[in-house]
Each structure stands twice: as structure tokens, then as C-alpha cells.
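Have a look at entry_33.txt below; it lists compact mmCIF, C-alpha atoms.
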```txt
# COMPACT_ATOMS: atom_id res chain seq x y z
CA MET F 23 8.72 11.04 -0.59
CA GLU F 24 8.60 14.76 0.00
CA ALA F 25 11.16 16.04 2.50
CA ALA F 26 8.52 16.69 5.17
CA GLU F 27 7.13 13.18 4.75
CA LEU F 28 10.59 11.66 4.90
CA ASN F 29 11.26 13.53 8.12
CA GLU F 30 7.93 12.41 9.60
CA PHE F 31 8.45 8.74 8.77
CA ALA F 32 12.10 8.91 9.90
CA ALA F 33 10.96 10.39 13.20
CA GLY F 34 8.52 7.52 13.52
CA ALA F 35 11.29 5.02 12.84
CA ASP F 36 13.45 6.63 15.53
CA GLU F 37 10.64 6.40 18.05
CA LEU F 38 9.90 2.77 17.20
CA ALA F 39 13.59 1.86 17.46
CA ARG F 40 13.55 3.08 21.06
CA ARG F 41 10.53 0.91 21.83
CA ASP F 42 11.43 -2.35 20.08
CA PRO F 43 15.03 -3.69 19.99
CA ALA F 44 14.12 -6.11 17.18
CA LEU F 45 12.84 -3.28 15.01
CA ALA F 46 15.89 -1.22 15.94
CA ARG F 47 18.14 -3.97 14.48
CA ALA F 48 16.06 -3.98 11.30
CA ILE F 49 16.34 -0.21 10.98
CA ALA F 50 20.11 -0.43 11.46
CA VAL F 51 20.34 -2.92 8.58
CA VAL F 52 17.87 -1.30 6.18
CA GLY F 53 18.45 2.36 6.94
CA PRO F 54 15.89 5.16 7.14
CA PRO F 55 12.48 4.67 5.50
CA ASN F 56 12.45 5.38 1.78
CA VAL F 57 8.90 4.88 0.56
CA ARG F 58 8.34 4.99 -3.21
CA PRO F 59 7.06 8.29 -4.65
CA PRO F 60 3.28 8.68 -4.94
CA GLN F 61 1.53 8.69 -8.30
CA ASP F 62 0.55 12.02 -9.84
CA THR F 63 -3.16 11.46 -9.13
CA TYR F 64 -5.28 9.35 -6.82
CA PHE F 65 -6.92 7.70 -9.83
CA ALA F 66 -3.54 6.69 -11.26
CA ALA F 67 -2.50 5.29 -7.87
CA LEU F 68 -5.59 3.10 -7.68
CA CYS F 69 -5.19 1.87 -11.27
CA ARG F 70 -1.59 1.00 -10.45
CA SER F 71 -2.65 -0.92 -7.34
CA ILE F 72 -5.18 -2.95 -9.31
CA ILE F 73 -2.69 -3.79 -12.04
CA PHE F 74 0.08 -4.72 -9.58
CA GLN F 75 -2.08 -7.22 -7.68
CA GLN F 76 -0.57 -10.73 -7.66
CA LEU F 77 2.17 -9.84 -10.15
CA ALA F 78 5.93 -9.57 -9.79
CA GLY F 79 7.16 -5.99 -9.68
CA LYS F 80 8.94 -5.80 -13.04
CA ALA F 81 6.15 -7.50 -14.96
CA ALA F 82 3.52 -5.35 -13.28
CA ALA F 83 5.47 -2.16 -13.98
CA ALA F 84 5.76 -3.08 -17.67
CA ILE F 85 2.02 -3.75 -17.93
CA PHE F 86 1.18 -0.53 -16.09
CA GLY F 87 3.40 1.41 -18.49
CA ARG F 88 1.65 -0.12 -21.51
CA PHE F 89 -1.72 0.57 -19.90
CA VAL F 90 -0.87 4.25 -19.44
CA SER F 91 0.27 4.44 -23.07
CA ALA F 92 -2.91 2.75 -24.27
CA VAL F 93 -5.13 5.14 -22.33
CA GLY F 94 -2.95 8.29 -22.72
CA PRO F 95 -2.02 10.99 -22.95
CA GLU F 96 -3.58 11.52 -19.49
CA LEU F 97 -4.69 8.77 -17.14
CA THR F 98 -8.19 9.86 -16.13
CA HIS F 99 -11.44 8.02 -15.52
CA LEU F 100 -12.84 9.43 -18.76
CA ALA F 101 -9.83 8.20 -20.71
CA VAL F 102 -10.21 4.69 -19.28
CA LEU F 103 -13.91 4.59 -20.13
CA ALA F 104 -13.16 5.80 -23.66
CA ALA F 105 -10.41 3.22 -24.27
CA ALA F 106 -11.31 0.11 -26.23
CA GLU F 107 -11.33 -3.09 -24.23
CA ALA F 108 -9.08 -4.66 -26.86
CA ASP F 109 -6.48 -1.96 -26.23
CA LEU F 110 -6.57 -2.55 -22.48
CA ARG F 111 -6.26 -6.31 -22.95
CA GLY F 112 -3.50 -5.71 -25.48
CA ALA F 113 -1.57 -3.80 -22.83
CA GLY F 114 -1.51 -6.97 -20.77
CA LEU F 115 -4.50 -6.55 -18.46
CA SER F 116 -6.45 -9.67 -17.68
CA ALA F 117 -10.19 -9.71 -18.21
CA ALA F 118 -10.69 -9.30 -14.45
CA LYS F 119 -8.33 -6.33 -14.18
CA THR F 120 -9.85 -4.71 -17.26
CA ALA F 121 -13.25 -4.99 -15.58
CA SER F 122 -11.79 -3.59 -12.35
CA VAL F 123 -10.20 -0.46 -13.84
CA ARG F 124 -13.38 0.17 -15.82
CA ASP F 125 -15.50 -0.21 -12.68
CA LEU F 126 -13.19 2.18 -10.84
CA ALA F 127 -13.49 4.70 -13.67
CA ALA F 128 -17.27 4.37 -13.74
CA LYS F 129 -17.65 4.78 -9.97
CA VAL F 130 -15.32 7.81 -9.95
CA GLY F 131 -17.39 9.30 -12.76
CA ASP F 132 -20.80 8.75 -11.18
CA GLY F 133 -19.67 9.90 -7.74
CA THR F 134 -19.86 6.52 -6.00
CA VAL F 135 -16.15 6.83 -5.26
CA PRO F 136 -15.35 10.56 -5.35
CA LEU F 137 -11.60 11.10 -5.17
CA ASP F 138 -11.55 14.88 -4.86
CA GLY F 139 -10.96 15.64 -1.19
CA ILE F 140 -10.69 11.98 -0.19
CA GLU F 141 -7.58 12.84 1.81
CA GLU F 142 -9.83 14.69 4.28
CA LEU F 143 -11.52 11.44 5.33
CA ALA F 144 -10.51 9.06 8.09
CA ASP F 145 -8.73 5.83 7.14
CA ASP F 146 -11.76 3.59 7.70
CA GLU F 147 -14.00 5.89 5.65
CA ILE F 148 -11.57 5.75 2.75
CA VAL F 149 -11.38 1.96 2.93
CA ALA F 150 -15.18 1.70 2.98
CA ARG F 151 -15.45 3.80 -0.19
CA LEU F 152 -12.71 2.06 -2.11
CA VAL F 153 -13.79 -1.52 -1.42
CA SER F 154 -17.04 -0.83 -3.28
CA VAL F 155 -14.98 -1.06 -6.48
CA ARG F 156 -14.65 -4.42 -8.16
CA GLY F 157 -11.14 -5.76 -7.57
CA ILE F 158 -10.32 -3.43 -4.69
CA GLY F 159 -10.24 -5.14 -1.32
CA ARG F 160 -9.03 -3.95 2.03
CA TRP F 161 -5.37 -4.69 1.19
CA THR F 162 -5.44 -2.52 -1.94
CA ALA F 163 -7.13 0.28 -0.01
CA GLU F 164 -4.47 0.02 2.70
CA MET F 165 -1.70 0.31 0.09
CA PHE F 166 -3.39 3.49 -1.17
CA LEU F 167 -3.42 4.87 2.36
CA ILE F 168 0.26 4.12 2.93
CA PHE F 169 1.88 4.86 -0.40
CA GLN F 170 -0.37 7.56 -1.86
CA LEU F 171 -1.81 9.39 1.15
CA ARG F 172 1.20 8.71 3.42
CA ARG F 173 -1.01 7.76 6.36
CA PRO F 174 1.34 6.87 9.24
CA ASP F 175 -0.73 4.34 11.18
CA VAL F 176 -1.90 1.63 8.75
CA TRP F 177 -1.26 -2.00 9.70
CA PRO F 178 -2.03 -4.48 6.85
CA VAL F 179 -2.35 -7.64 8.90
CA ASP F 180 -3.52 -9.76 5.94
CA ASP F 181 -0.34 -9.02 3.97
CA LEU F 182 1.75 -12.20 3.85
CA ALA F 183 5.02 -10.27 3.53
CA VAL F 184 4.23 -8.20 6.62
CA ARG F 185 3.47 -11.36 8.58
CA ARG F 186 6.64 -13.03 7.34
CA GLY F 187 8.75 -9.93 7.92
CA TYR F 188 7.48 -9.56 11.47
CA ALA F 189 8.44 -13.20 12.14
CA VAL F 190 11.93 -12.68 10.68
CA MET F 191 12.40 -9.47 12.63
CA HIS F 192 11.46 -11.09 15.93
CA GLY F 193 13.01 -14.51 15.35
CA LEU F 194 9.67 -16.36 15.38
CA ASP F 195 9.38 -19.92 14.08
CA ALA F 196 5.89 -19.28 12.66
CA TRP F 197 4.31 -16.26 11.02
CA PRO F 198 1.74 -14.58 13.27
CA LYS F 199 -1.87 -14.98 12.19
CA PRO F 200 -3.72 -11.80 11.19
CA LYS F 201 -5.62 -11.52 14.48
CA GLU F 202 -2.43 -12.04 16.46
CA LEU F 203 -0.57 -9.53 14.30
CA GLU F 204 -3.33 -7.00 14.90
CA ARG F 205 -2.67 -7.22 18.62
CA LEU F 206 1.11 -7.17 18.21
CA GLY F 207 0.87 -4.06 16.08
CA ASP F 208 -0.62 -2.05 18.94
CA ALA F 209 2.93 -1.55 20.22
CA TYR F 210 3.74 0.43 17.07
CA ARG F 211 0.90 2.95 17.20
CA PRO F 212 0.79 5.65 15.81
CA TRP F 213 3.54 4.55 13.38
CA ARG F 214 2.30 1.17 12.19
CA SER F 215 2.83 2.13 8.51
CA VAL F 216 6.52 2.60 9.30
CA ALA F 217 6.67 -0.77 11.07
CA ALA F 218 4.92 -2.42 8.11
CA TRP F 219 7.46 -0.90 5.72
CA TYR F 220 10.31 -2.47 7.69
CA CYS F 221 8.48 -5.80 7.81
CA TRP F 222 8.36 -5.73 4.00
CA ARG F 223 12.07 -5.06 3.87
CA MET F 224 12.78 -8.03 6.13
CA THR F 225 11.72 -10.72 3.65
CA GLY F 226 14.96 -12.37 2.60
CA VAL F 227 17.08 -10.40 5.11
CA VAL F 228 19.11 -12.04 7.87
CA LEU F 229 19.41 -9.83 10.94
CA PRO F 230 22.42 -9.84 13.26
CA ALA F 231 21.96 -11.64 16.55
CA SER F 232 20.62 -9.54 19.39
```
Could I get this file's structure written as C-alpha cells?
Amino acid sequence: MEAAELNEFAAGADELARRDPALARAIAVVGPPNVRPPQDTYFAALCRSIIFQQLAGKAAAAIFGRFVSAVGPELTHLAVLAAAEADLRGAGLSAAKTASVRDLAAKVGDGTVPLDGIEELADDEIVARLVSVRGIGRWTAEMFLIFQLRRPDVWPVDDLAVRRGYAVMHGLDAWPKPKELERLGDAYRPWRSVAAWYCWRMTGVVLPAS
């Protein structure tokens, strides 16, 4: 993250720690928020999100690297449309993900999903545009908001790791359902992205007793 963004998210973590003792314990264990760097372009970020869906991190990263090499030297919508399907499949993309990145490229090209200036739109407007692309659902759009645009108040209630992490953080026997988690997340406004990041970190972590 850029220094200003780190400071903003860290300030959000400090505020949330004062509100929620359970989150404060998580922050003490994990440390300050350290969100991964954004991609160079919005288009690259969305391609990465599509490729990473339902794959383990290392495998997904390897496939994404081969995809970039196959499309190269620059990852643009025109380069994706010009790439042979056999090259994309050879990089490790499934048929469905090949169709998805091509649909993204086509919709960026014809203006259905214009990316220039998309950061000026509200969160819900961005989600509405992105979900028109094959293979991009609300979760993928929310990841774009958090990790690429650094939006501070995104709460991905359908994310299993967020649900699990919230349960671990608060010592719950069962993961909250999405509708319940939506309500519980109100306590974290306007820093729900920060809370979600700590929920992700909680999977596999044992917190000290309160």
C-alpha cells in the first residue's frame, strides 16, 4: 500500500480496536493492516481476480504469471482479444476463465464496462458495472473495491473466510450467516474493509483469551 493508504487503514484499525475488544485482540496478534499492493492497471486487477477464483494462492499466481507472459508484453484488453485461445488455455486458464477474461476485454473495449474514471463512482455503481461481465460476481467486484481501489467500507458477507474469521475472532461456535454478518458489520462502519482484512487473517489463528 502507499504510505497514505497505510496510514488511513491503520487509523481505521485503531478506531475499531477501541470499539471492539475482540477485534483489538486480533489486531494485537496480527499487527497493523498490510494489504497487498494493487495491480498496475484496473484491467490487470480484474484479470487477476478472475484467474484467482477458487484456486490456491501459489497455483493461481503461477497461472496468472503465465497468462501475462502469453498476452504480453502489456496486459491490455486489446492484447487479450488478440491472444489465441490455445495460448490462454496453455497458460493454465480453464475454458470458463478464458471466456471470462475475453468477455471482460470485449466489454472494456466496447464501453460496456469502461474502466477509465471508474474510481469516481460509488461502490454500488462499480459493482453493478462489473457484474455484467461473465465470471465476475459480487465477491470479485468487492475484492476489486478493497484491494485495487482501497475502498475502506466494503463488507463481503458471502466470503466464507470472512464469516469463519469473524466467528474465530468472537469465539462463536457457528459461522454467522451472510444476513446476520451484514447486521454485525454495521458496528465497523466506515471501516468494514479493515475489519474484513482482519477476519481473513483469523483463519487458522488462535487468539489469547479475553
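Among the candidate residues F:Arg185, F:Arg58, F:Arg111, F:Arg172, the one lying nearest to Ala92 (chain F) is F:Arg111, with distances computed using only C-alpha atoms.
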**Prompt:** Which one is closest to Val184 (chain F): F:Ala32, F:Ala81, F:Val149, F:Met224? Count all atoms listed in the file.
**Reply:**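 Nearest to Val184 (chain F): F:Met224.
Taking CA of Ala183 (chain F) and CA of Ser71 (chain F) as the two end points, the separation is 16.3 Å.
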**Message:** Please list as a PyMOL selection string every residue within 10 Å of Leu110 (chain F), counting all atoms listed in the file and excluding residues in the same chain fewer than 6 positions away.
**Reply:** chain F and resi 85+88-93+102+116-117+119-121+123-124
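Closest to Leu171 (chain F) among F:Arg70, F:Leu115, F:Glu142, F:Arg205 is F:Glu142, based on all atoms listed in the file.
Nearest to Pro178 (chain F) of all the residues F:Ala209, F:Leu143, F:Gln75, F:Trp219 is F:Trp219, counting all atoms listed in the file.
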**Asked** Hey, can you check how far CA of Gly139 (chain F) sits from CA of Ala163 (chain F)?
**Response**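 Separating CA of Gly139 (chain F) from CA of Ala163 (chain F) is a distance of 15.9 Å.
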**Request:** For region 129-134 of chain F, list every protein, DNA or RNA residue within 9 Å, evaluated using all atoms listed in the file, and leave out those in the same chain fewer than 6 positions away; present the list as a list in words.
**Result:** Phe65, His99, Leu100, Arg151, Ser154 and Val155 of chain F
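Across the structure, CA of Ala101 (chain F) and CA of Asp146 (chain F) are spaced 28.8 Å apart.
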